[in-house]
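**Student:** Could you have a look at this structure, given as structure tokens, before my questions?
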Amino acid sequence: MPVLHTLCRDCAATGTATAAPARCASCGSPRVLAHDELHTLSIAHIDCDAFYASIEKRDDPSLAGKPLIVGGGVRGVVATCCYIARQSGVRSAMPMFTARRLCPDAVVIKPDMAKYVAVSRRIRALMEDLTPLVEPLSIDEAFLDLSGTAALHKASPARVLARFARRVEEEIGITVSVGLSHNKFLAKIASDLDKPRGFAVIGKAETLAFLADKPVGLIYGVGRVFGEALKRDGFETIGQLQQTAPAELARRYGESGARLARLARGDDPRTVAPDGETKSVSSETTFNSDLDSFEPLSIELLALCERLSERLKAKGLVGDTVTLKLKSAGFRLRTRARHLMIPTQLAGVLYDTGVQLLAREADGTAFRLIGIGISGLGTASGADPVDLLEPAIGRKAAAERAMDRVRDRFGRDAVIRGKLYTRVRGHVLPDARKTKDEEG
């Protein structure tokens, strides 16, 4: 019989067995892992459980045992919710009116991002105590590569991660779920298998069999539309992709097909990148009341372009592909993109490009959200060279640089574009319910 390596997730005791034990021989805990590759795997994905909601419950014991939603606003969405609320069908990104209907007894709390960021930083510091190879994915999750750390910690990566999870509970007061495997794709899948307070392992030998009966939507990058196309072509499970020649998938779906072939077989060569290279930057706003005409939408777009430009300048980045995002009152999403000949970080260029895209979409449709983003990022050295631009654009660029200098000295409200004046004073448009900045 194969020998299984065991690990108690509570006391971190290790051992061997021919079958998974019901309880830890050292502390009696039923939370015992048993796997033949347990101590040879080193790529982990750590995900905080219901992060915002867990912090709020930690800080207010009266919320224990109650359904909790972090979000709010008439037109808002659920930022996160506790597992009690999830039992009623509430999910992240769900419209608040739907969440309230599904769980009318839920306590609703507005997000406190400053508090959540502070907790995230504490957890990040604990991760970096384990390995320098930490790749954050968002405020509440990250990949870790613990290869070669066994001598430093005098323990295998699995045992180190069990200690880490316990330390987060004891020192920070929330729980995490851990996925451990031989690559990032499978580690992320594993972290979702046993939530909350989970710890799941996917070994090399079991990869093909584990993936075979899973839906194709489990592969990252396969969204609803692509998933429906695959289903029409007869691909509903990952096993069906495994049985198809990689060349055939590439012929049908191009580079996406080649990637499907690799991931269906559990082949993911990506390394854990501590720098977490940013590929896009965006800002978006959701309104309390739908907007259905060009002028108010264009004013909101200009405000977002200024916000996006400020972030690009602060990070020393430029981009060459501008993307406009619109979401209708019926939650139908439109995205339109345009490639720039010269990479930019200027609000004026972002707006001129975005407003041209908006003009084609402002057809009387009522929109609840507008966003602007930029990708194809690079460093800002020599950005927006005036001598290469059209004279009119060059003058606008010089004016914007001058405006930036005034704002740096006297504050951002020292100079307000005329188009934004009434918006800033709150006389024309309904207040934007939520503005969100993202990097990906």
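We name chains A, B, ... following the order of the structure tokens; residues begin at 1 in each chain, and ligands are numbered from 1 as shown.
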For the structure I just gave you, how does DSSP split stretch 18-52 of chain A - specifically, which residues are strand (DSSP E)? Reply as a list in words.
**Tutor:** Val32, Leu33, Ala34, His35, Ile43, Ala44, His45, Ile46, Asp47 and Cys48 of chain A
**Student:** Please give the complete set of residues from stretch 152-379 of chain A that DSSP, run on the backbone, assigns to helix (DSSP H, G or I), formatted as a VMD selection string.
**Tutor:** chain A and resid 152 to 153 157 to 172 184 to 191 207 to 212 216 to 218 224 to 232 238 to 242 246 to 253 255 to 264 294 to 315 347 to 361
**Student:** Check which residues of stretch 141-243 of chain A sit at most 12 Å from stretch 11-35 of chain A using only C-alpha atoms, and return one row each with the closest pair of atoms and their distance in Å to one decimal, ordered by chain and rising number, as CSV.
**Tutor:**
residue,atom,partner,partner_atom,distance
A:Ala155,CA,A:Ala12,CA,9.9
A:Ser156,CA,A:Thr14,CA,10.1
A:Pro157,CA,A:Ala12,CA,11.5
A:Ala158,CA,A:Ala12,CA,9.1
A:Arg159,CA,A:Ala12,CA,6.0
A:Val160,CA,A:Ala12,CA,8.4
A:Leu161,CA,A:Ala12,CA,9.3
A:Ala162,CA,A:Ala12,CA,6.2
A:Arg163,CA,A:Ala12,CA,6.5
A:Phe164,CA,A:Ala12,CA,10.1
A:Ala165,CA,A:Ala12,CA,10.4
A:Arg166,CA,A:Cys11,CA,8.6
A:Arg167,CA,A:Cys11,CA,11.2
A:Val178,CA,A:Leu33,CA,12.0
A:Leu180,CA,A:His35,CA,11.2
A:Ser181,CA,A:His35,CA,11.4
A:Asp194,CA,A:Arg31,CA,11.3
A:Arg197,CA,A:Arg31,CA,9.9
A:Gly198,CA,A:Arg31,CA,9.4
A:Phe199,CA,A:Leu33,CA,7.9
A:Ala200,CA,A:Leu33,CA,8.0
A:Val201,CA,A:His35,CA,7.5
A:Ile202,CA,A:His35,CA,8.9
A:Gly203,CA,A:His35,CA,8.2
A:Lys204,CA,A:His35,CA,11.4
A:Ala205,CA,A:His35,CA,11.2
A:Glu206,CA,A:His35,CA,10.8
**Student:** Could you turn the residues from that selection into a file that holds C-alpha atoms, as a PDB file, in the first residue's frame?
**Tutor:**
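As a result, again.pdb now contains:
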ATOM      1  CA  ALA A 155      10.133  22.162   7.816  1.00  0.00           C
ATOM      2  CA  SER A 156       8.508  21.342   4.503  1.00  0.00           C
ATOM      3  CA  PRO A 157       6.438  24.003   2.699  1.00  0.00           C
ATOM      4  CA  ALA A 158       3.233  22.220   3.750  1.00  0.00           C
ATOM      5  CA  ARG A 159       4.156  22.373   7.430  1.00  0.00           C
ATOM      6  CA  VAL A 160       5.272  26.005   7.124  1.00  0.00           C
ATOM      7  CA  LEU A 161       1.931  26.918   5.559  1.00  0.00           C
ATOM      8  CA  ALA A 162      -0.027  25.174   8.328  1.00  0.00           C
ATOM      9  CA  ARG A 163       1.885  27.203  10.902  1.00  0.00           C
ATOM     10  CA  PHE A 164       1.261  30.355   8.883  1.00  0.00           C
ATOM     11  CA  ALA A 165      -2.500  29.784   8.774  1.00  0.00           C
ATOM     12  CA  ARG A 166      -2.592  29.249  12.527  1.00  0.00           C
ATOM     13  CA  ARG A 167      -0.481  32.381  13.108  1.00  0.00           C
ATOM     14  CA  VAL A 178      -4.413  27.353   1.467  1.00  0.00           C
ATOM     15  CA  LEU A 180      -0.703  23.649  -2.392  1.00  0.00           C
ATOM     16  CA  SER A 181       0.405  22.142  -5.696  1.00  0.00           C
ATOM     17  CA  ASP A 194     -12.064  23.306   1.269  1.00  0.00           C
ATOM     18  CA  ARG A 197     -10.140  27.433   6.932  1.00  0.00           C
ATOM     19  CA  GLY A 198      -9.193  25.115   4.105  1.00  0.00           C
ATOM     20  CA  PHE A 199      -5.964  23.391   3.152  1.00  0.00           C
ATOM     21  CA  ALA A 200      -6.086  21.280   0.004  1.00  0.00           C
ATOM     22  CA  VAL A 201      -3.366  19.570  -2.025  1.00  0.00           C
ATOM     23  CA  ILE A 202      -3.211  18.605  -5.711  1.00  0.00           C
ATOM     24  CA  GLY A 203      -0.178  16.457  -6.559  1.00  0.00           C
ATOM     25  CA  LYS A 204       1.544  15.932  -9.883  1.00  0.00           C
ATOM     26  CA  ALA A 205       0.530  12.295 -10.255  1.00  0.00           C
ATOM     27  CA  GLU A 206      -3.178  13.013  -9.815  1.00  0.00           C
TER      28      GLU A 206
END
**Student:** Tell me which protein, DNA and RNA residues are within 10 Å of A:Leu130, counting only C-alpha atoms, leaving out same-chain ones fewer than 2 positions away, and put them as a VMD selection string.
**Tutor:** chain A and resid 125 to 128 132 to 134 144 to 146 149 152 to 153 157 160 to 161 164
**Student:** Would you save the residues from that selection as a CSV table (one decimal), in the first residue's frame, using all heavy atoms?
**Tutor:**
chain,number,residue,atom,x,y,z
A,125,ALA,N,3.1,40.9,5.3
A,125,ALA,CA,4.4,40.8,6.0
A,125,ALA,C,4.7,39.4,6.6
A,125,ALA,O,5.8,38.9,6.5
A,125,ALA,CB,4.4,41.8,7.2
A,126,LEU,N,3.6,38.8,7.0
A,126,LEU,CA,3.8,37.4,7.5
A,126,LEU,C,4.1,36.4,6.4
A,126,LEU,O,4.9,35.5,6.6
A,126,LEU,CB,2.5,36.9,8.2
A,126,LEU,CG,2.1,37.6,9.5
A,126,LEU,CD1,0.8,37.0,10.1
A,126,LEU,CD2,3.2,37.6,10.5
A,127,MET,N,3.6,36.7,5.2
A,127,MET,CA,3.9,35.9,4.0
A,127,MET,C,5.4,36.0,3.7
A,127,MET,O,6.1,35.1,3.4
A,127,MET,CB,3.1,36.3,2.8
A,127,MET,CG,1.6,35.9,2.9
A,127,MET,SD,0.7,36.5,1.5
A,127,MET,CE,-1.0,36.0,1.8
A,128,GLU,N,5.8,37.3,3.7
A,128,GLU,CA,7.2,37.6,3.4
A,128,GLU,C,8.2,37.0,4.4
A,128,GLU,O,9.4,37.0,4.1
A,128,GLU,CB,7.4,39.1,3.1
A,128,GLU,CG,6.7,39.5,1.8
A,128,GLU,CD,6.6,41.0,1.7
A,128,GLU,OE1,6.9,41.7,2.7
A,128,GLU,OE2,6.2,41.5,0.6
A,132,PRO,N,10.7,35.2,0.0
A,132,PRO,CA,10.7,36.5,-0.7
A,132,PRO,C,9.8,36.4,-2.0
A,132,PRO,O,9.5,37.4,-2.6
A,132,PRO,CB,12.1,36.7,-1.1
A,132,PRO,CG,12.7,35.3,-1.1
A,132,PRO,CD,12.0,34.5,-0.1
A,133,LEU,N,9.4,35.2,-2.4
A,133,LEU,CA,8.7,35.0,-3.6
A,133,LEU,C,7.2,35.0,-3.3
A,133,LEU,O,6.5,34.0,-3.2
A,133,LEU,CB,9.1,33.7,-4.3
A,133,LEU,CG,10.5,33.6,-4.8
A,133,LEU,CD1,10.8,32.3,-5.4
A,133,LEU,CD2,10.9,34.8,-5.7
A,134,VAL,N,6.6,36.2,-3.1
A,134,VAL,CA,5.2,36.4,-2.8
A,134,VAL,C,4.7,37.3,-4.0
A,134,VAL,O,5.2,38.4,-4.2
A,134,VAL,CB,5.0,37.1,-1.5
A,134,VAL,CG1,3.5,37.4,-1.3
A,134,VAL,CG2,5.6,36.3,-0.3
A,144,LEU,N,2.6,32.1,-3.4
A,144,LEU,CA,3.9,32.0,-2.8
A,144,LEU,C,4.6,30.8,-3.4
A,144,LEU,O,4.1,29.7,-3.7
A,144,LEU,CB,3.7,31.7,-1.2
A,144,LEU,CG,3.3,32.9,-0.3
A,144,LEU,CD1,1.9,33.2,-0.5
A,144,LEU,CD2,3.7,32.5,1.1
A,145,ASP,N,5.9,31.0,-3.5
A,145,ASP,CA,6.8,29.9,-4.0
A,145,ASP,C,7.8,29.6,-2.8
A,145,ASP,O,8.6,30.5,-2.5
A,145,ASP,CB,7.6,30.3,-5.2
A,145,ASP,CG,8.4,29.1,-5.8
A,145,ASP,OD1,8.6,28.1,-5.0
A,145,ASP,OD2,8.9,29.3,-6.9
A,146,LEU,N,7.6,28.5,-2.2
A,146,LEU,CA,8.5,28.1,-1.0
A,146,LEU,C,9.6,27.1,-1.4
A,146,LEU,O,10.1,26.5,-0.5
A,146,LEU,CB,7.6,27.5,0.1
A,146,LEU,CG,6.7,28.6,0.8
A,146,LEU,CD1,5.3,28.6,0.2
A,146,LEU,CD2,6.6,28.3,2.3
A,149,THR,N,13.1,26.5,0.7
A,149,THR,CA,13.0,27.1,2.0
A,149,THR,C,13.0,26.1,3.2
A,149,THR,O,12.9,26.5,4.4
A,149,THR,CB,11.7,28.0,2.2
A,149,THR,OG1,10.5,27.1,2.0
A,149,THR,CG2,11.6,29.0,1.1
A,152,LEU,N,15.8,26.6,5.7
A,152,LEU,CA,15.6,27.8,6.5
A,152,LEU,C,14.6,27.6,7.6
A,152,LEU,O,14.8,28.0,8.8
A,152,LEU,CB,15.2,29.0,5.6
A,152,LEU,CG,14.8,30.3,6.3
A,152,LEU,CD1,16.0,30.9,6.9
A,152,LEU,CD2,14.2,31.3,5.2
A,153,HIS,N,13.5,27.0,7.3
A,153,HIS,CA,12.4,26.9,8.3
A,153,HIS,C,12.5,25.5,9.0
A,153,HIS,O,11.7,25.3,10.0
A,153,HIS,CB,11.0,27.0,7.6
A,153,HIS,CG,10.8,28.3,6.9
A,153,HIS,ND1,10.7,29.5,7.6
A,153,HIS,CD2,10.6,28.7,5.6
A,153,HIS,CE1,10.5,30.5,6.8
A,153,HIS,NE2,10.4,30.0,5.6
A,157,PRO,N,7.4,22.9,3.0
A,157,PRO,CA,6.4,24.0,2.7
A,157,PRO,C,5.0,23.8,3.3
A,157,PRO,O,4.4,24.7,3.8
A,157,PRO,CB,6.4,24.0,1.2
A,157,PRO,CG,7.8,23.6,0.8
A,157,PRO,CD,8.1,22.5,1.8
A,160,VAL,N,5.1,24.6,7.0
A,160,VAL,CA,5.3,26.0,7.1
A,160,VAL,C,3.9,26.7,6.9
A,160,VAL,O,3.6,27.6,7.6
A,160,VAL,CB,6.4,26.5,6.2
A,160,VAL,CG1,6.3,28.1,6.1
A,160,VAL,CG2,7.7,26.0,6.6
A,161,LEU,N,3.2,26.3,5.9
A,161,LEU,CA,1.9,26.9,5.6
A,161,LEU,C,0.9,26.6,6.6
A,161,LEU,O,0.1,27.5,6.9
A,161,LEU,CB,1.4,26.4,4.2
A,161,LEU,CG,2.2,26.9,3.0
A,161,LEU,CD1,1.9,26.1,1.8
A,161,LEU,CD2,2.0,28.4,2.7
A,164,PHE,N,1.7,29.0,9.3
A,164,PHE,CA,1.3,30.4,8.9
A,164,PHE,C,-0.2,30.6,9.1
A,164,PHE,O,-0.7,31.6,9.6
A,164,PHE,CB,1.6,30.6,7.4
A,164,PHE,CG,1.0,31.8,6.8
A,164,PHE,CD1,1.6,33.0,6.9
A,164,PHE,CD2,-0.2,31.6,6.0
A,164,PHE,CE1,1.0,34.1,6.4
A,164,PHE,CE2,-0.7,32.7,5.4
A,164,PHE,CZ,-0.2,34.0,5.6
**Student:** Would you work out the distance separating atom CA of A:Arg334 from atom CA of A:Thr379, expressed in Å to one decimal?
**Tutor:**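 According to the coordinates, atom CA of A:Arg334 and atom CA of A:Thr379 are separated by 28.8 Å.
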**Student:** When you look at A:Glu361 with a cut-off of 9 Å (counting only C-alpha atoms), what residues show up, excluding the ones that are within fewer than 3 positions of it in the same chain? I need them as a PyMOL selection string.
**Tutor:** chain A and resi 294+326+334+357-358+364-365
**Student:** Just C-alpha atoms for this one: save the residues we selected as a JSON list (two decimals), in the first residue's frame.
**Tutor:**
[["chain", "number", "residue", "atom", "x", "y", "z"],
["A", 294, "PHE", "CA", -23.86, 61.93, -24.20],
["A", 326, "LEU", "CA", -20.11, 50.87, -20.21],
["A", 334, "ARG", "CA", -19.96, 47.05, -23.60],
["A", 357, "LEU", "CA", -15.54, 55.77, -28.43],
["A", 358, "LEU", "CA", -18.36, 57.05, -26.21],
["A", 364, "GLY", "CA", -30.08, 56.66, -25.81],
["A", 365, "THR", "CA", -29.27, 53.53, -23.82]]
**Student:** With only C-alpha atoms as the atoms that count, which of A:Ser92, A:Thr80, A:Ser309, A:Ser54 lies nearest to A:Ile172?
**Tutor:**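 Nearest to A:Ile172: A:Ser54.
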**Student:** Suppose you want the space between atom CA of A:Lys184 and atom CA of A:Asp47; what is it in Å?
**Tutor:**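 It comes out at 13.0 Å.
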**Student:** Pick from A:Thr335, A:Val70, A:Gly371, A:Gly378: nearest to A:Met113, with only C-alpha atoms counted?
**Tutor:**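 Closest candidate: A:Val70.
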